[in-house]
file upload24.cif (mmCIF, C-alpha atoms and all ligand atoms)
data_start
loop_
_atom_site.label_atom_id
_atom_site.label_comp_id
_atom_site.auth_asym_id
_atom_site.auth_seq_id
_atom_site.Cartn_x
_atom_site.Cartn_y
_atom_site.Cartn_z
CA MET A 519 -110.81 -25.10 -32.68
CA PRO A 520 -110.30 -27.00 -29.39
CA LYS A 521 -113.29 -27.09 -27.04
CA ARG A 522 -112.83 -24.62 -24.14
CA ALA A 523 -115.02 -24.64 -21.05
CA ILE A 524 -115.74 -21.89 -18.57
CA GLU A 525 -116.90 -23.11 -15.16
CA ARG A 526 -119.26 -21.20 -12.90
CA GLU A 527 -120.12 -21.42 -9.23
CA PHE A 528 -123.32 -19.61 -8.13
CA GLY A 529 -123.28 -18.10 -11.62
CA VAL A 530 -119.86 -16.51 -11.08
CA PRO A 531 -117.14 -17.72 -13.48
CA ILE A 532 -114.09 -19.47 -12.05
CA ALA A 533 -111.04 -17.99 -13.77
CA GLY A 534 -109.39 -19.85 -16.59
CA GLU A 535 -110.64 -22.46 -19.00
CA ILE A 536 -110.72 -26.22 -18.87
CA LEU A 537 -108.10 -27.34 -21.37
CA GLU A 538 -107.78 -30.55 -23.33
CA PRO A 539 -106.38 -33.35 -21.09
CA GLU A 540 -103.01 -33.37 -22.81
CA GLN A 541 -102.50 -29.81 -21.52
CA TRP A 542 -103.37 -30.55 -17.89
CA SER A 543 -100.80 -29.98 -15.15
CA GLN A 544 -100.21 -31.50 -11.72
CA THR A 545 -101.07 -29.11 -8.89
CA ALA A 546 -101.36 -31.57 -5.99
CA LEU A 547 -98.52 -31.31 -3.52
CA LYS A 548 -98.95 -34.76 -2.04
CA LYS A 549 -96.00 -34.75 0.32
CA LEU A 550 -94.68 -31.96 2.48
CA PRO A 551 -91.02 -32.29 3.54
CA ALA A 552 -90.51 -34.98 6.19
CA ASP A 553 -88.34 -32.50 8.03
CA GLY A 554 -87.44 -28.94 7.21
CA LEU A 555 -88.88 -26.14 5.17
CA LEU A 556 -90.74 -26.28 1.88
CA ASN A 557 -88.33 -24.87 -0.70
CA ALA A 558 -90.56 -22.85 -3.02
CA ASP A 559 -87.82 -22.11 -5.55
CA ALA A 560 -87.20 -25.84 -5.99
CA LEU A 561 -90.92 -26.61 -6.08
CA PHE A 562 -91.65 -24.17 -8.91
CA ALA A 563 -88.19 -24.30 -10.48
CA ARG A 564 -87.87 -20.52 -10.37
CA ASN A 565 -87.66 -17.62 -7.95
CA ALA A 566 -90.94 -15.69 -8.15
CA PRO A 567 -93.20 -13.73 -5.82
CA LEU A 568 -95.04 -16.26 -3.67
CA VAL A 569 -98.69 -16.22 -2.55
CA LEU A 570 -100.09 -18.43 0.24
CA ASP A 571 -103.79 -19.00 0.94
CA ILE A 572 -104.47 -20.61 4.32
CA GLY A 573 -107.82 -22.43 4.52
CA CYS A 574 -108.15 -22.05 0.75
CA GLY A 575 -111.30 -24.19 0.50
CA ASN A 576 -112.09 -25.01 -3.14
CA GLY A 577 -109.24 -22.75 -4.28
CA ARG A 578 -111.29 -20.14 -6.15
CA PHE A 579 -109.14 -17.21 -5.06
CA LEU A 580 -105.83 -18.88 -5.94
CA LEU A 581 -107.11 -20.21 -9.26
CA GLY A 582 -107.95 -16.64 -10.26
CA SER A 583 -104.69 -15.26 -8.98
CA ALA A 584 -102.66 -17.99 -10.72
CA VAL A 585 -104.47 -17.41 -14.03
CA TRP A 586 -104.25 -13.63 -13.87
CA ARG A 587 -100.75 -13.36 -12.34
CA ARG A 588 -98.58 -15.88 -14.16
CA GLU A 589 -95.47 -14.22 -12.76
CA HIS A 590 -96.51 -15.19 -9.20
CA ASP A 591 -96.31 -18.67 -7.67
CA HIS A 592 -99.10 -19.88 -5.38
CA ILE A 593 -99.59 -22.38 -2.56
CA GLY A 594 -103.00 -23.23 -1.12
CA ILE A 595 -103.50 -25.31 1.99
CA ASP A 596 -106.58 -26.60 3.77
CA LEU A 597 -107.26 -29.18 6.43
CA LEU A 598 -110.01 -30.89 4.45
CA PRO A 599 -108.85 -33.38 1.76
CA VAL A 600 -112.13 -33.10 -0.14
CA VAL A 601 -111.81 -29.36 -0.82
CA ILE A 602 -108.16 -29.80 -1.82
CA ARG A 603 -109.33 -32.44 -4.33
CA TYR A 604 -111.73 -29.92 -5.91
CA ALA A 605 -109.01 -27.26 -5.96
CA THR A 606 -106.35 -29.49 -7.52
CA ARG A 607 -108.71 -30.84 -10.15
CA ARG A 608 -109.47 -27.30 -11.29
CA GLY A 609 -105.82 -26.28 -11.15
CA ASN A 610 -104.83 -29.33 -13.20
CA GLN A 611 -107.56 -28.82 -15.79
CA ARG A 612 -106.38 -25.25 -16.34
CA GLY A 613 -102.82 -26.42 -16.94
CA LEU A 614 -101.46 -24.17 -14.20
CA THR A 615 -97.81 -24.64 -13.31
CA ASN A 616 -97.60 -21.73 -10.84
CA LEU A 617 -99.95 -23.32 -8.31
CA ARG A 618 -99.83 -26.16 -5.76
CA PHE A 619 -102.37 -27.34 -3.21
CA ALA A 620 -101.68 -29.40 -0.09
CA VAL A 621 -103.69 -30.83 2.78
CA CYS A 622 -102.22 -29.29 5.92
CA ASP A 623 -103.17 -27.46 9.06
CA GLY A 624 -102.54 -23.73 8.67
CA LEU A 625 -100.70 -23.22 11.94
CA ARG A 626 -98.56 -26.28 11.29
CA PHE A 627 -97.69 -25.06 7.80
CA LEU A 628 -96.43 -21.75 9.18
CA GLN A 629 -94.58 -23.42 12.06
CA SER A 630 -92.90 -26.20 10.11
CA TYR A 631 -92.83 -25.56 6.37
CA ALA A 632 -93.02 -21.84 5.55
CA GLU A 633 -89.62 -20.35 4.73
CA PRO A 634 -89.14 -17.20 6.81
CA HIS A 635 -89.46 -13.89 4.93
CA ARG A 636 -90.31 -15.60 1.65
CA TYR A 637 -94.05 -15.04 1.07
CA THR A 638 -95.12 -11.91 -0.81
CA GLU A 639 -98.76 -12.35 0.20
CA ILE A 640 -100.55 -14.43 2.79
CA HIS A 641 -104.34 -14.68 2.51
CA CYS A 642 -106.90 -16.01 4.94
CA TYR A 643 -110.50 -15.80 3.72
CA HIS A 644 -113.39 -16.65 6.02
CA PRO A 645 -111.59 -18.72 8.64
CA GLN A 646 -114.08 -20.99 10.35
CA PRO A 647 -115.62 -19.31 13.42
CA PHE A 648 -116.19 -22.68 15.22
CA TYR A 649 -119.44 -22.08 17.07
CA ASP A 650 -119.26 -24.80 19.74
CA PRO A 651 -117.43 -23.82 22.92
CA GLY A 652 -115.52 -27.12 22.73
CA GLN A 653 -114.13 -26.14 19.32
CA ILE A 654 -112.98 -22.60 20.15
CA HIS A 655 -109.38 -23.77 20.44
CA ARG A 656 -109.49 -24.55 16.69
CA ARG A 657 -109.94 -20.91 15.65
CA LEU A 658 -107.09 -20.07 13.28
CA ILE A 659 -106.49 -16.38 13.91
CA THR A 660 -104.62 -16.16 17.20
CA PRO A 661 -101.72 -13.99 18.36
CA GLU A 662 -99.37 -16.95 17.81
CA PHE A 663 -100.68 -17.40 14.24
CA LEU A 664 -100.11 -13.71 13.51
CA VAL A 665 -96.52 -13.85 14.76
CA LEU A 666 -95.91 -16.73 12.34
CA VAL A 667 -97.55 -14.81 9.48
CA CYS A 668 -95.17 -11.91 10.21
CA ARG A 669 -92.22 -14.30 10.14
CA ALA A 670 -93.25 -15.87 6.81
CA LEU A 671 -93.87 -12.58 5.00
CA ALA A 672 -91.16 -11.11 2.80
CA PRO A 673 -90.18 -7.50 3.52
CA GLY A 674 -93.08 -5.34 2.36
CA GLY A 675 -95.33 -8.40 1.98
CA SER A 676 -99.04 -8.22 2.73
CA PHE A 677 -101.50 -10.12 4.89
CA PHE A 678 -105.12 -10.26 3.72
CA VAL A 679 -107.95 -11.40 5.96
CA GLN A 680 -111.71 -11.35 5.75
CA THR A 681 -114.81 -12.82 7.38
CA ASP A 682 -118.56 -12.40 7.44
CA ASN A 683 -118.66 -13.18 11.15
CA PRO A 684 -118.99 -9.94 13.17
CA GLY A 685 -117.61 -11.52 16.36
CA TYR A 686 -114.54 -12.84 14.57
CA TRP A 687 -114.04 -9.46 12.91
CA ARG A 688 -114.17 -7.62 16.24
CA TYR A 689 -111.39 -9.91 17.43
CA ILE A 690 -109.36 -9.59 14.19
CA ARG A 691 -109.50 -5.80 14.19
CA ALA A 692 -108.38 -5.76 17.83
CA VAL A 693 -105.32 -7.97 17.37
CA VAL A 694 -104.16 -7.68 13.74
CA PRO A 695 -103.24 -3.95 13.98
CA VAL A 696 -100.85 -4.80 16.83
CA PHE A 697 -98.58 -6.43 14.25
CA PHE A 698 -99.64 -4.86 10.95
CA ASP A 699 -100.34 -1.44 9.48
CA PHE A 700 -103.83 -2.60 8.71
CA GLU A 701 -106.42 -1.04 6.42
CA GLU A 702 -110.03 -2.09 6.41
CA ARG A 703 -111.86 -2.31 3.13
CA ALA A 704 -115.64 -2.05 2.76
CA GLU A 705 -115.90 -2.86 -0.94
CA PRO A 706 -115.14 -6.20 -2.61
CA TRP A 707 -111.62 -6.55 -4.01
CA PRO A 708 -111.45 -4.93 -7.44
CA ASP A 709 -110.37 -8.15 -9.21
CA SER A 710 -113.51 -9.99 -8.01
CA PRO A 711 -116.53 -7.70 -7.51
CA LYS A 712 -118.82 -10.70 -6.85
CA GLY A 713 -116.43 -12.23 -4.32
CA ARG A 714 -112.90 -13.60 -4.30
CA THR A 715 -113.90 -16.87 -2.67
CA ARG A 716 -116.82 -19.27 -2.56
CA ARG A 717 -117.74 -18.13 0.93
CA GLU A 718 -117.56 -14.46 0.02
CA ILE A 719 -119.89 -15.04 -2.92
CA ILE A 720 -122.34 -16.87 -0.65
CA ALA A 721 -122.21 -14.09 1.96
CA LEU A 722 -122.76 -11.36 -0.63
CA ARG A 723 -125.67 -13.23 -2.19
CA ARG A 724 -127.29 -13.46 1.23
CA GLY A 725 -126.76 -9.80 1.95
CA LEU A 726 -124.37 -10.46 4.83
CA PRO A 727 -121.77 -7.82 5.56
CA VAL A 728 -118.26 -8.92 4.59
CA PHE A 729 -115.40 -7.49 6.62
CA ARG A 730 -112.06 -7.23 4.81
CA GLY A 731 -108.65 -5.82 5.43
CA SER A 732 -105.00 -6.07 4.53
CA GLY A 733 -101.72 -4.78 5.85
CA THR A 734 -97.96 -4.96 5.96
CA VAL A 735 -95.88 -5.82 9.01
CA LYS A 736 -95.21 -2.78 11.18
CA ALA A 737 -91.82 -1.21 10.52
CA GLY A 738 -89.16 -2.38 12.95
CA LEU A 739 -91.24 -5.21 14.44
CA SER A 740 -88.71 -7.95 15.22
CA GLU A 741 -89.74 -11.53 15.89
CA PRO A 742 -88.84 -11.36 19.62
CA LYS A 743 -90.88 -8.16 19.94
CA ALA A 744 -93.82 -9.74 18.09
CA LEU A 745 -93.67 -12.75 20.41
CA GLN A 746 -93.61 -10.46 23.42
CA LEU A 747 -96.65 -8.54 22.14
CA ALA A 748 -98.50 -11.79 21.42
CA GLN A 749 -98.24 -12.73 25.06
CA THR A 750 -100.18 -9.62 26.05
CA LEU A 751 -103.10 -10.37 23.69
CA PRO A 752 -106.23 -12.40 24.38
CA PRO A 753 -107.03 -15.69 22.64
CA PRO A 754 -109.88 -15.64 20.08
CA VAL A 755 -112.73 -16.04 22.51
CA PHE A 756 -115.81 -14.30 21.13
CA ASP A 757 -119.48 -14.95 20.51
CA ALA A 758 -119.60 -16.37 16.99
CA ASP A 759 -123.42 -16.00 16.81
CA ARG A 760 -125.04 -19.37 16.25
CA ARG A 761 -127.60 -17.90 13.85
CA LEU A 762 -124.80 -17.70 11.29
CA ARG A 763 -124.19 -21.41 11.70
CA GLU A 764 -127.74 -22.07 10.54
CA LEU A 765 -126.91 -20.11 7.39
CA ASP A 766 -123.85 -22.33 6.84
CA ASP A 767 -126.06 -25.43 7.13
CA VAL A 768 -128.50 -24.07 4.54
CA GLU A 769 -125.62 -23.25 2.19
CA ALA A 770 -124.24 -26.75 2.47
CA SER A 771 -127.37 -28.10 0.79
CA GLU A 772 -127.35 -25.65 -2.13
C1 LIG B 801 -115.53 -21.20 5.74
S1 LIG B 801 -114.35 -22.10 4.82
C2 LIG B 801 -113.66 -20.83 3.78
C3 LIG B 801 -112.98 -21.41 2.59
C4 LIG B 801 -112.45 -20.35 1.63
N1 LIG B 801 -111.35 -19.61 2.19
C5 LIG B 801 -113.56 -19.41 1.22
O1 LIG B 801 -113.52 -18.24 1.65
O2 LIG B 801 -114.47 -19.87 0.50
C6 LIG B 801 -113.02 -22.36 5.99
C7 LIG B 801 -111.98 -23.33 5.46
O3 LIG B 801 -110.91 -23.37 6.41
C8 LIG B 801 -110.48 -24.72 6.53
N2 LIG B 801 -109.79 -24.84 7.82
C9 LIG B 801 -110.34 -24.82 9.06
N3 LIG B 801 -109.38 -24.91 10.00
C10 LIG B 801 -108.20 -24.96 9.32
C11 LIG B 801 -106.85 -25.06 9.73
N4 LIG B 801 -106.50 -25.13 11.01
N5 LIG B 801 -105.90 -25.09 8.78
C12 LIG B 801 -106.22 -25.05 7.45
N6 LIG B 801 -107.50 -24.97 7.02
C13 LIG B 801 -108.46 -24.91 7.93
C14 LIG B 801 -111.75 -25.53 6.40
O4 LIG B 801 -111.49 -26.87 6.03
C15 LIG B 801 -112.48 -24.75 5.32
O5 LIG B 801 -112.17 -25.23 4.03
#
call {"tool": "encode", "arguments": {"input": "upload24.cif", "output": "structure tokens", "more": "lines below"}}
Ligand SMILES: C[S@@+](CC[C@H](N)C(=O)[O-])C[C@H]1O[C@@H](n2cnc3c(N)ncnc32)[C@H](O)[C@@H]1O
result
Amino acid sequence: MPKRAIEREFGVPIAGEILEPEQWSQTALKKLPADGLLNADALFARNAPLVLDIGCGNGRFLLGSAVWRREHDHIGIDLLPVVIRYATRRGNQRGLTNLRFAVCDGLRFLQSYAEPHRYTEIHCYHPQPFYDPGQIHRRLITPEFLVLVCRALAPGGSFFVQTDNPGYWRYIRAVVPVFFDFEERAEPWPDSPKGRTRREIIALRRGLPVFRGSGTVKAGLSEPKALQLAQTLPPPVFDADRRLRELDDVEASE
């Protein structure tokens, strides 16, 4: 019998098993197109429902989704090369062919590479709150970002977002329902009762509330109309509560 290995993070298994090296795949997407859109059909050599995770961190959510939903293709992006290295190593070791990870800014990906009306699901778990006033402009969820999410989603496609930052959530629940029929969800997602992502697991272990929701683009919302609405909405300026940053620092040493 070949040796199979289950990996855990904070005691919670990461989906899939580490295979023998001859069964490993290549999940790093090292180059995005120099100009033009990323053609997902060509990338995966098939036409399948497509899932995007923006700010995917170590890839835990997508690894699970790719293992459990072989009929879906998956793309994970994050700004930080080191987390993409962790994600790709795990994807490779599991032999996944329906998953790619790339280093890229989330807004830039949606602006430059995401094919319009192609993505079945777009996920954004625990976007960084950026506590310093000088960093506020880096917050990912903005009206402009949401317009681009609407453009990238396939008809009937869903946007998923969650955070453990109450200030960020107040902002999200004020702006997201302008574009989406949005439903909040108190309980963890049924596929991952201990948390879909590394950050969710950490938050749950610390007893922090986790705010979640998902939705589909409002019926009849055209791109010009979405752009017009975006101009009436505030930027993500909120008190991110520095006490939560101290928790992040403690977690980093665990
Ligand atoms: C708090 S972590 C959450 C990671 C993961 N989604 C989770 O829930 O465990 C936020 C992640 O977003 C990434 N990030 C921050 N700004 C980004 C941006 N503009 N585009 C893409 N990723 C970004 C960070 O590098 C980090 O990995």
call {"tool": "closest_atom_pairs", "arguments": {"input": "upload24.cif", "of": "region 698-743 of chain A", "to": "region 528-532 of chain A", "cutoff": "10 Å", "atoms": "all atoms listed in the file", "output": "Markdown table"}}
result
| residue | atom | partner | partner_atom | distance |
| --- | --- | --- | --- | --- |
| A:Ser710 | CA | A:Val530 | CA | 9.6 |
| A:Lys712 | CA | A:Val530 | CA | 7.3 |
| A:Gly713 | CA | A:Val530 | CA | 8.7 |
| A:Arg714 | CA | A:Ile532 | CA | 9.8 |
| A:Thr715 | CA | A:Ile532 | CA | 9.7 |
| A:Arg716 | CA | A:Phe528 | CA | 8.6 |
| A:Ile719 | CA | A:Phe528 | CA | 7.7 |
| A:Ile720 | CA | A:Phe528 | CA | 8.0 |
| A:Arg723 | CA | A:Phe528 | CA | 9.0 |
call {"tool": "residues_near_ligand", "arguments": {"input": "upload24.cif", "ligand": "ligand LIG 801 (chain B)", "cutoff": "6 Å", "atoms": "only C-alpha atoms and all ligand atoms", "output": "PDB file with C-alpha atoms, in the coordinates of the input"}}
result
ATOM      1  CA  ILE A 572    -104.470 -20.610   4.320  1.00  0.00           C
ATOM      2  CA  GLY A 573    -107.820 -22.430   4.520  1.00  0.00           C
ATOM      3  CA  CYS A 574    -108.150 -22.050   0.750  1.00  0.00           C
ATOM      4  CA  GLY A 575    -111.300 -24.190   0.500  1.00  0.00           C
ATOM      5  CA  ASP A 596    -106.580 -26.600   3.770  1.00  0.00           C
ATOM      6  CA  LEU A 597    -107.260 -29.180   6.430  1.00  0.00           C
ATOM      7  CA  LEU A 598    -110.010 -30.890   4.450  1.00  0.00           C
ATOM      8  CA  ASP A 623    -103.170 -27.460   9.060  1.00  0.00           C
ATOM      9  CA  GLY A 624    -102.540 -23.730   8.670  1.00  0.00           C
ATOM     10  CA  TYR A 643    -110.500 -15.800   3.720  1.00  0.00           C
ATOM     11  CA  HIS A 644    -113.390 -16.650   6.020  1.00  0.00           C
ATOM     12  CA  PRO A 645    -111.590 -18.720   8.640  1.00  0.00           C
ATOM     13  CA  GLN A 646    -114.080 -20.990  10.350  1.00  0.00           C
ATOM     14  CA  LEU A 658    -107.090 -20.070  13.280  1.00  0.00           C
ATOM     15  CA  THR A 715    -113.900 -16.870  -2.670  1.00  0.00           C
ATOM     16  CA  ARG A 716    -116.820 -19.270  -2.560  1.00  0.00           C
ATOM     17  CA  ARG A 717    -117.740 -18.130   0.930  1.00  0.00           C
ATOM     18  CA  GLU A 718    -117.560 -14.460   0.020  1.00  0.00           C
TER      19      GLU A 718
END
call {"tool": "atom_distance", "arguments": {"input": "upload24.cif", "atom1": "CA of Arg526 (chain A)", "atom2": "CA of Pro727 (chain A)"}}
result
22.9 Å
call {"tool": "residues_near_point", "arguments": {"input": "upload24.cif", "point": "(-112.3, -11.8, 15.9)", "cutoff": "9 Å", "atoms": "all atoms listed in the file", "output": "ChimeraX atom specification"}}
result
/A:647,659-660,681,683-693,754-756,758
call {"tool": "atom_distance", "arguments": {"input": "upload24.cif", "atom1": "CA of Thr734 (chain A)", "atom2": "CA of Ser676 (chain A)"}}
result
4.7 Å
call {"tool": "closest_residue", "arguments": {"input": "upload24.cif", "among": "A:Lys743, A:Leu762, A:Ala523, A:Glu589", "to": "Arg724 (chain A)", "atoms": "all atoms listed in the file"}}
result
A:Leu762
call {"tool": "residues_near_point", "arguments": {"input": "upload24.cif", "point": "(-96.8, -11.2, 10.9)", "cutoff": "10 Å", "atoms": "only C-alpha atoms", "output": "PyMOL selection string"}}
result
chain A and resi 635+640+661-672+675-677+694+696-698+733-736+739-741+744
call {"tool": "residues_around", "arguments": {"input": "upload24.cif", "residues": "Leu547 (chain A)", "least_positions_apart": "4", "cutoff": "8 Å", "atoms": "all atoms listed in the file", "output": "ChimeraX atom specification"}}
result
/A:618-620
